[in-house]
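Chemist: Quick one: the structure is below, questions incoming.
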There are 2 protein chains.
Amino acid sequence: MSLPSLARRAPARPLGAAPTRPDNIAFDSGHAFPGVLPDLTAEATRALTEFRSETLQYAPRPGLTPLREWIAKYLRADGTKVAPGDILVTNGAKHAIELICKLLLDEGDTIVVTVPTYFTAIPIFRSFGVRFLEVAQDADGLDVEQLEALIAERERKGERLPKFIYNVPDFHNPTGVTMSLPRRQALVELAARKGIYILEDSPYRKVRFEGADVPSVKALDPGGLVFQCGTFSKLMAPGLRVGWVATTPDMVGRLIQLKADGGSCPLTQRIIFEFCRSGRLEAHTSRIQETYRRNRDHMVAALRRDLPAATFAVPEGGYYIWVTLPEDVDGDEVTTRAAAGGATVIPGSKFLALPEAGHPRNTVRVAFSHATPEEIDEGIRRLAAAFDAVVSGAPALATPTGSQTR
Amino acid sequence: MSLPSLARRAPARPLGAAPTRPDNIAFDSGHAFPGVLPDLTAEATRALTEFRSETLQYAPRPGLTPLREWIAKYLRADGTKVAPGDILVTNGAKHAIELICKLLLDEGDTIVVTVPTYFTAIPIFRSFGVRFLEVAQDADGLDVEQLEALIAERERKGERLPKFIYNVPDFHNPTGVTMSLPRRQALVELAARKGIYILEDSPYRKVRFEGADVPSVKALDPGGLVFQCGTFSKLMAPGLRVGWVATTPDMVGRLIQLKADGGSCPLTQRIIFEFCRSGRLEAHTSRIQETYRRNRDHMVAALRRDLPAATFAVPEGGYYIWVTLPEDVDGDEVTTRAAAGGATVIPGSKFLALPEAGHPRNTVRVAFSHATPEEIDEGIRRLAAAFDAVVSGAPALATPTGSQTR
């Protein structure tokens with residue numbers, strides 16, 4: 001028996017989980033801090049008794065009505081003019097990204113991504129056969145002037161314009177940078193003028209420890225240009241797998257035809273709605289902000305103490321610090337050696353949509369979200385030891401085959 | 001501002017929910033009977049306390065290990081030789097179908113479907129740009145001899161063979177037919193000989209009221225040929241949105257790279273596992289079987305009494321009766337009129353992958369799963385009244401714009 005071939009873009013090899021040390025300290029994942037996982041038993045009990053006929057049957061395809069109303073109100077309080085009909089509930093924000101790709105992308109289309117960009121989005125984009133147009137970032141976020149020049153160059157060459165611009169404007173993953181308001185305004189103006197959609201991926205917006213909110217890109221939308229993706233993963237808990245897209249009723253009506261999942265889980269939607277409705281979210285958000293601020297401060301101190309050769313910007317929110325090592329130090333090598341030493345991070349090379357483009361590779365992303373202060377101290381010591389070993393020319397280790405990170 | 005175009009295969013129009021009468025009786029949905037929705041509060045409380053750090057963080061990408069072990073054991077008890085590593089947990093069976101399409105299909109590939117076929121799968125397949133090769137069914141299920149002839153014809157013409165054969169062999173949706181063992185054996189033999197995968201969609205297998213189990217197609221798999229999709233939607237409750245694929249570890253490792261959802265929800269997985277582990281599933285399955293047998297019997301009686309012009313086979317399980325009306329009666333017209341009269345069904349035309357192929361359209365699918373016996377009586381009276389009105393030549397009504405059915 002000879003089995004038929006897989007799809008052209010099917011993964012060439014199966015992915016397994018990379019082995020880690022039993023005492024591994026994980027700086028590689030976007031897991032929540034265990035101490036801030038909320039107690040949802042009351043909400044779940046209510047959802048499974050009073051709302052049993054809702055939570056155990058198929059949900060309305062765009063999402064539970066009260067949850068869509070709540071999300072719209074929440075976004076309006078954030079300055080975004082949306083109504084419940086503009087909201088589609090999804091199985092987390094990554095699912096939202098995938099659905100938007102399905103709606104917008106044909107094979108061979110080009111999309112704009114930053115250097116570096118969110119690494120989990122890269123294979124989603126690739127699975128649609130896209131080409132990447134990379135644009136730089138600085139301390140103010142995505143470089144809109146450079147993007148305008150790149151677009152002008154395509155126009156001169158008669159090439160098709162990108163279909164959308166993908167960005168994480170708040171506490172960028174992986175760099176932690178927040179895009180300034182003038183840049184956001186320039187981005188929306190450019191996109192509207194050229195007819196390019198914007199995909200604003202915004203999981204960390206409320207995980208802000210200090211500084212003032214910048215209006216969301218969606219809040220600047222002149223109408224139907226910006227798809228904003230949000231999630232309860234960072235607000236409440238990753239395991240709930242509920243996110244959303246804020247767009248237009250027209251797009252919601254098209255997206256639900258592409259959302260082949262039988263509706264998102266009404267049980268988790270109802271649990272979330274009950275949590276938010278009762279006012280628990282506000283106190284929980286404060287607790288998250290305090291916890292992650294503490295973790296960030298602890299990690300900043302540990303990095304300054306034990307890895308003084310590294311440079312980094314201190315993020316005002318989010319989960320991550322983007323660590324730049326001396327120019328000649330390879331982030332992949334440090335990552336491999338750190339994993340062997342019991343601390344997992346993600347090398348900067350994973351965040352490159354075009355890894356072959358010759359970008360610097362002397363970076364790693366460290367997440368401060370999941371570990372305790374004590375683990376942060378010990379983990380950064382292990383990372384520093386790995387760095388020292390690489391710098392001192394220790395022989396390279398074999399790269400692990402896969403990992404389970406977000 | 002001019003917005004860019006959508007993807008070539010994006011839906012042309014937004015989909016809205018069709019309005020129904022407030023007292024509508026729904027025979028169109030695959031909803032569970034409300035009286036058999038289990039009480040899951042104990043399982044949820046345990047999941048959210050004892051297992052909080054598991055259920056509120058990201059899940060392992062292939063699914064929770066104990067649930068994969070349980071599913072494998074469950075399938076082995078059903079005669080299917082699988083190990084936990086062969087199982088991928090998905091967000092319901094439709095999500096499993098979509099992932100398998102992503103793994104196997106390139107634009108322009110051909111797949112085999114029955115006439116009629118499961119209507120929710122059709123847009124999923126279409127979204128991958130496939131062509132359909134339709135094959136007939138009879139009382140023994142998919143006509144393998146006809147399929148062999150169609151394949152031979154393609155070979156003579158030098159056309160590429162289909163990539164996979166899609167079928168619901170147990171209590172087929174919509175026809176209720178169960179494929180006989182000789183047909184299953186012939187199908188697997190043909191597929192293995194020609195190198196064509198089989199996608200066995202098996203949501204109803206345990207919803208059998210009478211007659212003996214036929215071995216699953218997966219149980220006949222010579223190795224890696226059959227992807228079997230299952231779900232807890234019909235075993236426990238649709239709202240849980242947890243299904244699975246049984247395939248090979250190699251394919252599981254590839255599928256998780258295409259599964260861009262951050263892992264399926266660990267909370268619902270743990271609730272399901274606790275329910276199954278404690279032995280509640282067995283009693284629950286018996287209750288489901290009894291309830292749906294009663295509903296089926298009631299609907300059979302109502303159809304015979306109030307719609308004697310219709311013919312149908314009495315299914316041994318599942319949720320649906322496939323009603324054939326006299327040849328000159330259009331199922332779409334009856335459906336539209338029945339909805340106006342307060343009973344929703346699905347017209348047979350929706351179950352055609354190639355609606356333009358000139359197939360008979362004098363059919364409707366009625367689900368007996370959701371309604372009470374009293375509602376079944378009243379709903380079939382309404383359906384019969386709609387049928388009478390169409391037969392007596394009442395002017396046609398406008399077709400509703402959309403629906404929310406499975």
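Please note that chains go A, B, ... in the order of the structure tokens, that every chain numbers its residues from 1, and that ligands are numbered from 1 in the order shown.
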Just the strand (DSSP E or B) stuff from range 100-313 of chain B, please, per backbone DSSP, written as an MDAnalysis selection string.

Modeler: chainID B and resid 110:114 131:135 137:138 141:142 164:167 197:201 208 226:231 243:246 311

Chemist: Kindly assemble as CSV a list of the chain A residues that lie within 7 Å of chain B, each paired with its nearest atom pair and their distance in Å to one decimal, using only C-alpha atoms, sorted first by chain and then by ascending residue number.

Modeler:
residue,atom,partner,partner_atom,distance
A:Met1,CA,B:Ala192,CA,5.5
A:Ser2,CA,B:Gly195,CA,5.4
A:Leu3,CA,B:Gly195,CA,4.9
A:Pro4,CA,B:Gly195,CA,5.4
A:Leu6,CA,B:Leu104,CA,4.5
A:Ala7,CA,B:Leu104,CA,4.5
A:Arg8,CA,B:Asp106,CA,6.5
A:Ala10,CA,B:Leu103,CA,5.2
A:Pro11,CA,B:Arg254,CA,5.5
A:Arg13,CA,B:Arg254,CA,6.4
A:Pro14,CA,B:Gly253,CA,3.9
A:Leu15,CA,B:Gly253,CA,4.6
A:Gly16,CA,B:Gly253,CA,6.3
A:His31,CA,B:Gln57,CA,6.1
A:Ala32,CA,B:Gln57,CA,6.7
A:Pro34,CA,B:Ser53,CA,6.5
A:Leu37,CA,B:Leu56,CA,6.8
A:Leu40,CA,B:Leu48,CA,6.6
A:Thr41,CA,B:Thr45,CA,5.4
A:Ala44,CA,B:Ala44,CA,6.6
A:Thr45,CA,B:Thr41,CA,5.4
A:Leu48,CA,B:Thr41,CA,6.0
A:Ser53,CA,B:Pro34,CA,6.5
A:Thr55,CA,B:Gly239,CA,5.7
A:Leu56,CA,B:Gly239,CA,4.0
A:Gln57,CA,B:Gly239,CA,4.4
A:Tyr58,CA,B:Gly239,CA,4.9
A:Ala59,CA,B:Gly239,CA,6.8
A:Asn91,CA,B:Asp261,CA,6.7
A:Gly92,CA,B:Asp261,CA,6.5
A:Lys94,CA,B:Asp261,CA,5.5
A:His95,CA,B:Asp261,CA,5.1
A:Leu103,CA,B:Ala10,CA,5.2
A:Leu104,CA,B:Ala7,CA,4.4
A:Leu105,CA,B:Ala7,CA,4.9
A:Asp106,CA,B:Ala7,CA,5.3
A:Ile124,CA,B:Ala260,CA,6.5
A:Lys163,CA,B:Pro4,CA,6.9
A:Ala192,CA,B:Met1,CA,5.4
A:Arg193,CA,B:Met1,CA,6.0
A:Gly195,CA,B:Leu3,CA,4.9
A:Ile196,CA,B:Pro4,CA,6.1
A:Leu225,CA,B:Leu3,CA,7.0
A:Ala237,CA,B:Leu56,CA,5.3
A:Pro238,CA,B:Gln57,CA,5.0
A:Gly239,CA,B:Leu56,CA,4.0
A:Leu240,CA,B:Cys265,CA,5.9
A:Arg241,CA,B:Cys265,CA,5.7
A:Asp250,CA,B:Pro14,CA,5.4
A:Met251,CA,B:Pro14,CA,6.8
A:Gly253,CA,B:Pro14,CA,3.9
A:Arg254,CA,B:Pro14,CA,4.5
A:Gln257,CA,B:Pro11,CA,6.9
A:Ala260,CA,B:Lys94,CA,6.2
A:Asp261,CA,B:His95,CA,5.1
A:Gly262,CA,B:Lys94,CA,6.8
A:Cys265,CA,B:Gly239,CA,5.6
A:Pro266,CA,B:Gly239,CA,5.8
A:Leu267,CA,B:Gly239,CA,6.6

Chemist: Could you list, as number ranges by chain, every residue within 6 Å of range 321-335 of chain B, counting only C-alpha atoms and ignoring same-chain residues fewer than 4 positions away?

Modeler: B: 175, 310-312, 345, 347, 361-366, 386-387

Chemist: Can you spit out the residues from that selection as a CSV table (one decimal), in the first residue's frame, using N, CA, C and O atoms?

Modeler:
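Writing the result to result12.csv gives the following:
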chain,number,residue,atom,x,y,z
B,175,THR,N,-28.6,10.6,5.8
B,175,THR,CA,-29.6,9.5,5.5
B,175,THR,C,-29.8,8.5,6.6
B,175,THR,O,-30.8,7.7,6.4
B,310,ALA,N,-44.9,10.4,2.4
B,310,ALA,CA,-43.4,10.4,2.4
B,310,ALA,C,-42.9,9.0,2.7
B,310,ALA,O,-43.6,8.1,3.2
B,311,THR,N,-41.7,8.7,2.2
B,311,THR,CA,-41.1,7.4,2.5
B,311,THR,C,-39.8,7.7,3.2
B,311,THR,O,-39.1,8.7,3.0
B,312,PHE,N,-39.3,6.7,4.0
B,312,PHE,CA,-38.1,6.8,4.7
B,312,PHE,C,-37.7,5.5,5.2
B,312,PHE,O,-38.5,4.6,5.5
B,345,VAL,N,-36.8,22.4,9.3
B,345,VAL,CA,-36.1,21.2,8.8
B,345,VAL,C,-35.0,21.6,7.9
B,345,VAL,O,-34.9,22.8,7.6
B,347,PRO,N,-33.6,21.2,4.0
B,347,PRO,CA,-34.0,20.6,2.7
B,347,PRO,C,-32.8,19.8,2.2
B,347,PRO,O,-31.6,20.1,2.4
B,361,ARG,N,-34.5,16.6,-5.7
B,361,ARG,CA,-34.5,17.6,-4.6
B,361,ARG,C,-35.8,17.4,-3.7
B,361,ARG,O,-36.2,18.3,-3.0
B,362,ASN,N,-36.4,16.2,-3.8
B,362,ASN,CA,-37.6,16.0,-3.1
B,362,ASN,C,-37.4,15.4,-1.7
B,362,ASN,O,-38.1,14.4,-1.3
B,363,THR,N,-36.5,15.9,-1.0
B,363,THR,CA,-36.1,15.3,0.3
B,363,THR,C,-35.9,16.4,1.4
B,363,THR,O,-35.7,17.6,1.1
B,364,VAL,N,-36.1,16.0,2.6
B,364,VAL,CA,-35.8,16.9,3.8
B,364,VAL,C,-35.2,16.0,4.9
B,364,VAL,O,-35.5,14.8,5.0
B,365,ARG,N,-34.3,16.6,5.7
B,365,ARG,CA,-33.8,15.9,6.9
B,365,ARG,C,-34.5,16.4,8.1
B,365,ARG,O,-34.6,17.6,8.3
B,366,VAL,N,-35.1,15.5,8.9
B,366,VAL,CA,-35.7,15.9,10.1
B,366,VAL,C,-34.9,15.2,11.3
B,366,VAL,O,-34.6,14.0,11.3
B,386,ALA,N,-47.4,22.0,5.6
B,386,ALA,CA,-46.5,22.7,4.6
B,386,ALA,C,-46.5,21.9,3.4
B,386,ALA,O,-46.6,22.4,2.2
B,387,PHE,N,-46.3,20.6,3.5
B,387,PHE,CA,-46.3,19.7,2.4
B,387,PHE,C,-47.6,19.8,1.6
B,387,PHE,O,-47.6,19.9,0.4

Chemist: Counting only C-alpha atoms, which residue out of A:Gly85, A:Gly317, A:Gly348, A:Gly176 sits closest to Lys73 in chain A?

Modeler: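 Nearest candidate to Lys73 in chain A out of A:Gly85, A:Gly317, A:Gly348, A:Gly176: A:Gly85.
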
Chemist: May I have the residues within 6 Å of Asp28 in chain B as a list in words, using only C-alpha atoms and disregarding those fewer than 3 positions away in the same chain?

Modeler: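 With the cut-off at 6 Å, the set is Thr344, Val345, Ile346 and Ala367 of chain B.
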
Chemist: For the atom pair CA of Ser202 in chain B and CA of Thr110 in chain B, what is the interatomic distance in Å to one decimal place?

Modeler: 21.6 Å

Chemist: Pick from A:Pro19, A:Ile71, A:Gly243, A:Pro174: nearest to Ser349 in chain A, with only C-alpha atoms counted?

Modeler: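 Once distances to Ser349 in chain A are computed over only C-alpha atoms, the minimum belongs to A:Pro174.
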
Chemist: If you count only C-alpha atoms, which residues fall within 8 Å of Gly379 in chain A, apart from same-chain ones fewer than 6 positions away, as a ChimeraX atom specification?

Modeler: /A:25,27,342-343

Chemist: What is the distance, in Å and to one decimal place, between CA of Val226 in chain A and CA of Ala136 in chain A?

Modeler: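 Calculated distance between CA of Val226 in chain A and CA of Ala136 in chain A is 20.5 Å.
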
Chemist: Of the candidates A:Ala309, A:Ala340, A:Ala357, A:Leu67, which shows the shortest atom-to-atom distance to Ala384 in chain A, using only C-alpha atoms?

Modeler: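 Counting only C-alpha atoms, the residue closest to Ala384 in chain A is A:Ala309.
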
Chemist: Using Å and a single decimal, report how far CA of Asn173 in chain B sits from CA of Thr231 in chain B.

Modeler: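 Going from CA of Thr231 in chain B over to CA of Asn173 in chain B, I get 14.6 Å.
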
Chemist: Based on DSSP run over this structure's backbone, return all residues of range 63-269 of chain B in helix (DSSP H, G or I), as a ChimeraX atom specification.

Modeler: /B:65-77,84-86,93-104,121-126,144-157,181-194,218-220,238-240,249-258,266-269
